[in-house]
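Just below is one structure, and these are the notes that go with it.
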There are 2 protein chains.
Amino acid sequence: MVLIQTVEELRDALFRIKSVGKSIGLVPTMGALHEGHLSLMRQARKENQVTVCSIFVNPTQFNNQEDLEKYPRTLDKDLELVEPYIDFVFAPTAEEVYREPATEKYDFGALEQVMEGPARPGHFNGVGIIVGRLFKWIEPDKAYFGEKDYQQLIIIKNLVKQLNMDIQIVGCPIVREASGLALSSRNQRLSEEERQKAANIYRILKESTLLATPNTEEIKHFVEMEINKIDILRLEYYEISDAETLQPIRNLNEAKMAIGCIAVYAGDVRLIDNIRYK
Amino acid sequence: MVLIQTVEELRDALFRIKSVGKSIGLVPTMGALHEGHLSLMRQARKENQVTVCSIFVNPTQFNNQEDLEKYPRTLDKDLELVEPYIDFVFAPTAEEVYREPATEKYDFGALEQVMEGPARPGHFNGVGIIVGRLFKWIEPDKAYFGEKDYQQLIIIKNLVKQLNMDIQIVGCPIVREASGLALSSRNQRLSEEERQKAANIYRILKESTLLATPNTEEIKHFVEMEINKIDILRLEYYEISDAETLQPIRNLNEAKMAIGCIAVYAGDVRLIDNIRYK
């Protein structure tokens, strides 16, 4: 495994690989790697001849300075974890990534008008900037993203169309603790009590898929009531949407695929999760 | 999650699900679950409306009585681990599974004449019997198997053709420890020294993919020499084959996809692993 820290070295290394026609799989991350990230890397290893993982805590996608500062950084451990799956780790400094100022403005239309969009102003533009740059520098054949950040996954599929690049975006299933809690680097910041109570999020989402009604107002009401019963959880939003357009639906029958997406504070840690209804 | 122990209860529960047209994903296991199994279950959860996991240490696929007796059994922990992903756990007794005597004889032709076939007489017939019965009882839309047991995966694809069933067999990537060691329930039986030295298996396989030669005799020779340098490892076989037919190849260019499969004893624990060359 080779650790690369500059764009120039990265392009040099990959130029030789592309010239012999080898396929490249990219897993973009912000480090603090857990089993969720590793599942992306295994899929990349399986489907490509050469694998690249980027590790970069991207300041332009944080709308909250405190969240950026508290985001865990564990590079040595990360390098050890990816070793079985990854050929090249790209871990640049912010200076290197933003040698060109971050002036790109992406318009994701209705996709960014819902859920995380209003909740985290500027977040998806920041995601678009970093992922767009990584795509241009690396030109992977496939890139891997977790379904936990479901809206991000859909937005990145849109980004690839806007950039007119031939990159297949692969979504990979959510990895959960035995308790049901979706893995997240932010889970490190949960107290033991918060972690236990946060396990209710997925339990409640799962229960909501068993309700007999297709009326999403009723399903959302159930989830809101149940979340509010857990003292340290505070619901930010729960939306049930068409899984392709991300637009809210009133009835599950309106969409071919329907997804429920939730954002919840457990204490002061913001968690997201989602579940498919159909 | 519902625990089911008889074939009759299983068929009752699934009859209702099939009658409303829901898709069923099956993950057959022998329990002693680890992250490798869980990755199959996540994929099943992602791709199906209903998920079934079977947990059954199948005596007819063990060619070695001691291996059967020493195979780890951890049902309570297993049930806890699968909870986030699985709707129905089928954990029958051997009496229940073999109410009809195990008289089926499967012929997998050349697929079973190589590697694990000669090394474990009767093994693949035992696998065919249990998986064939599970398929007939459950009639899943998709069934999930790990690529660690690569020959088994190919044989099960063949089994589905023989049974003339409409089941999609999904192979999932090998899950590894940070050291590179492929996860296996048998790893529990490794001493600390054995576990550390067993990590050389994947290191050596990976190095062998970087050799410049397409001559498989040379690649095999390299792997044999390197494995033999590690005192407690004893090579049983290393074969480089066409990844579809499993037949040995002399040159990597002979096959569209080429795979190297290894069986090694670390002390008295038998481990298998594999790697793709192209």
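Chains: A, B, ... in order of the structure tokens. Residues: from 1 per chain. Ligands: from 1, in order shown.
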Hey, which bits of chain A sit within 8 Å of chain B, and for each residue what's the closest pair of atoms and how far apart in Å (one decimal), counting only C-alpha atoms, rows by chain and increasing number, as a tab-separated table?
```
residue	atom	partner	partner_atom	distance
A:Ser39	CA	B:Ser39	CA	7.5
A:Arg42	CA	B:Pro173	CA	6.0
A:Gln43	CA	B:Pro173	CA	6.3
A:Lys46	CA	B:Pro173	CA	5.9
A:Gln49	CA	B:Lys278	CA	7.5
A:Glu80	CA	B:Ala178	CA	6.1
A:Leu81	CA	B:Ala178	CA	4.8
A:Val82	CA	B:Ala178	CA	7.0
A:Glu83	CA	B:Ala178	CA	6.6
A:Pro84	CA	B:Gly180	CA	4.9
A:Pro173	CA	B:Lys46	CA	5.9
A:Ile174	CA	B:Arg42	CA	7.1
A:Val175	CA	B:Arg42	CA	7.0
A:Arg176	CA	B:Pro84	CA	6.9
A:Glu177	CA	B:Pro84	CA	7.8
A:Ala178	CA	B:Leu81	CA	4.8
A:Ser179	CA	B:Pro84	CA	7.0
A:Gly180	CA	B:Pro84	CA	5.0
A:Lys278	CA	B:Gln49	CA	7.6
```
All residues 8 Å or closer to Gly267 of chain B, only C-alpha atoms, same chain fewer than 5 positions away omitted, as a short mmCIF file (atom, residue, chain, number, x, y, z; two decimals) with N, CA and C atoms, in the first residue's frame:
```
data_model
loop_
_atom_site.label_atom_id
_atom_site.label_comp_id
_atom_site.auth_asym_id
_atom_site.auth_seq_id
_atom_site.Cartn_x
_atom_site.Cartn_y
_atom_site.Cartn_z
N LEU B 190 -7.27 -20.69 16.43
CA LEU B 190 -5.84 -20.36 16.26
C LEU B 190 -5.27 -19.81 17.57
N GLU B 194 -0.20 -18.57 15.95
CA GLU B 194 -0.75 -19.08 14.67
C GLU B 194 -1.50 -17.99 13.92
N ILE B 232 5.24 -22.47 11.08
CA ILE B 232 4.06 -23.25 11.49
C ILE B 232 3.02 -23.42 10.39
N LEU B 233 3.27 -22.89 9.20
CA LEU B 233 2.31 -23.07 8.10
C LEU B 233 2.70 -24.29 7.27
N ARG B 234 1.69 -25.07 6.84
CA ARG B 234 1.94 -26.22 5.99
C ARG B 234 0.96 -26.16 4.82
#
```
Expected answer as a VMD selection string: helix (DSSP H, G or I) residues in segment 106-216 of chain A = chain A and resid 109 to 112 116 to 119 123 to 138 150 to 163 185 to 189 192 to 208 216
Restricting it to C-alpha atoms, dump the selection as a short mmCIF file (atom, residue, chain, number, x, y, z; two decimals), in the first residue's frame.
```
data_model
loop_
_atom_site.label_atom_id
_atom_site.label_comp_id
_atom_site.auth_asym_id
_atom_site.auth_seq_id
_atom_site.Cartn_x
_atom_site.Cartn_y
_atom_site.Cartn_z
CA GLY A 109 -31.97 21.52 -7.67
CA ALA A 110 -34.78 19.86 -5.73
CA LEU A 111 -32.40 17.18 -4.45
CA GLU A 112 -30.78 19.67 -2.09
CA GLU A 116 -29.94 17.60 5.01
CA GLY A 117 -30.04 20.49 2.51
CA PRO A 118 -31.93 23.03 4.64
CA ALA A 119 -30.54 21.48 7.86
CA HIS A 123 -23.01 21.13 3.03
CA PHE A 124 -23.80 19.57 -0.34
CA ASN A 125 -21.91 22.23 -2.27
CA GLY A 126 -18.89 21.36 -0.13
CA VAL A 127 -19.43 17.65 -0.83
CA GLY A 128 -19.74 18.41 -4.55
CA ILE A 129 -16.49 20.42 -4.53
CA ILE A 130 -14.37 17.76 -2.85
CA VAL A 131 -15.88 14.76 -4.61
CA GLY A 132 -15.78 16.57 -7.98
CA ARG A 133 -12.08 17.34 -7.50
CA LEU A 134 -11.28 13.78 -6.42
CA PHE A 135 -13.14 12.46 -9.48
CA LYS A 136 -11.20 14.77 -11.81
CA TRP A 137 -7.83 13.93 -10.24
CA ILE A 138 -8.39 10.18 -10.03
CA TYR A 150 -28.56 8.33 1.32
CA GLN A 151 -29.20 11.88 0.12
CA GLN A 152 -25.47 12.33 -0.47
CA LEU A 153 -25.43 9.16 -2.58
CA ILE A 154 -28.24 10.47 -4.80
CA ILE A 155 -26.57 13.89 -5.06
CA ILE A 156 -23.27 12.32 -6.10
CA LYS A 157 -25.03 10.35 -8.83
CA ASN A 158 -26.36 13.72 -10.02
CA LEU A 159 -22.88 15.29 -9.72
CA VAL A 160 -21.42 12.68 -12.07
CA LYS A 161 -24.05 13.59 -14.66
CA GLN A 162 -23.29 17.30 -14.27
CA LEU A 163 -19.55 16.65 -14.67
CA SER A 185 -17.57 8.08 12.97
CA ARG A 186 -19.65 10.43 15.14
CA ASN A 187 -20.71 7.49 17.35
CA GLN A 188 -17.31 7.83 19.07
CA ARG A 189 -18.68 10.99 20.66
CA GLU A 192 -22.63 4.99 26.94
CA GLU A 193 -26.20 6.08 27.77
CA GLU A 194 -26.55 8.00 24.51
CA ARG A 195 -25.28 5.02 22.54
CA GLN A 196 -27.78 2.69 24.17
CA LYS A 197 -30.69 5.03 23.63
CA ALA A 198 -29.63 5.83 20.06
CA ALA A 199 -30.26 2.15 19.26
CA ASN A 200 -33.96 2.99 19.51
CA ILE A 201 -33.72 4.97 16.25
CA TYR A 202 -33.44 1.89 14.06
CA ARG A 203 -35.82 -0.12 16.22
CA ILE A 204 -38.48 2.56 15.70
CA LEU A 205 -37.78 2.83 11.96
CA LYS A 206 -38.11 -0.93 11.62
CA GLU A 207 -41.37 -0.96 13.57
CA SER A 208 -42.70 1.78 11.31
CA THR A 216 -46.92 8.66 5.18
#
```
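Note that the spacing between atom CA of Val89 of chain B and atom CA of Thr209 of chain A amounts to 19.2 Å.
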request  = Have a look at atom CA of Ile169 of chain B and atom CA of Ala143 of chain B and let me know their distance in Å, one decimal.
outcome  = 5.1 Å
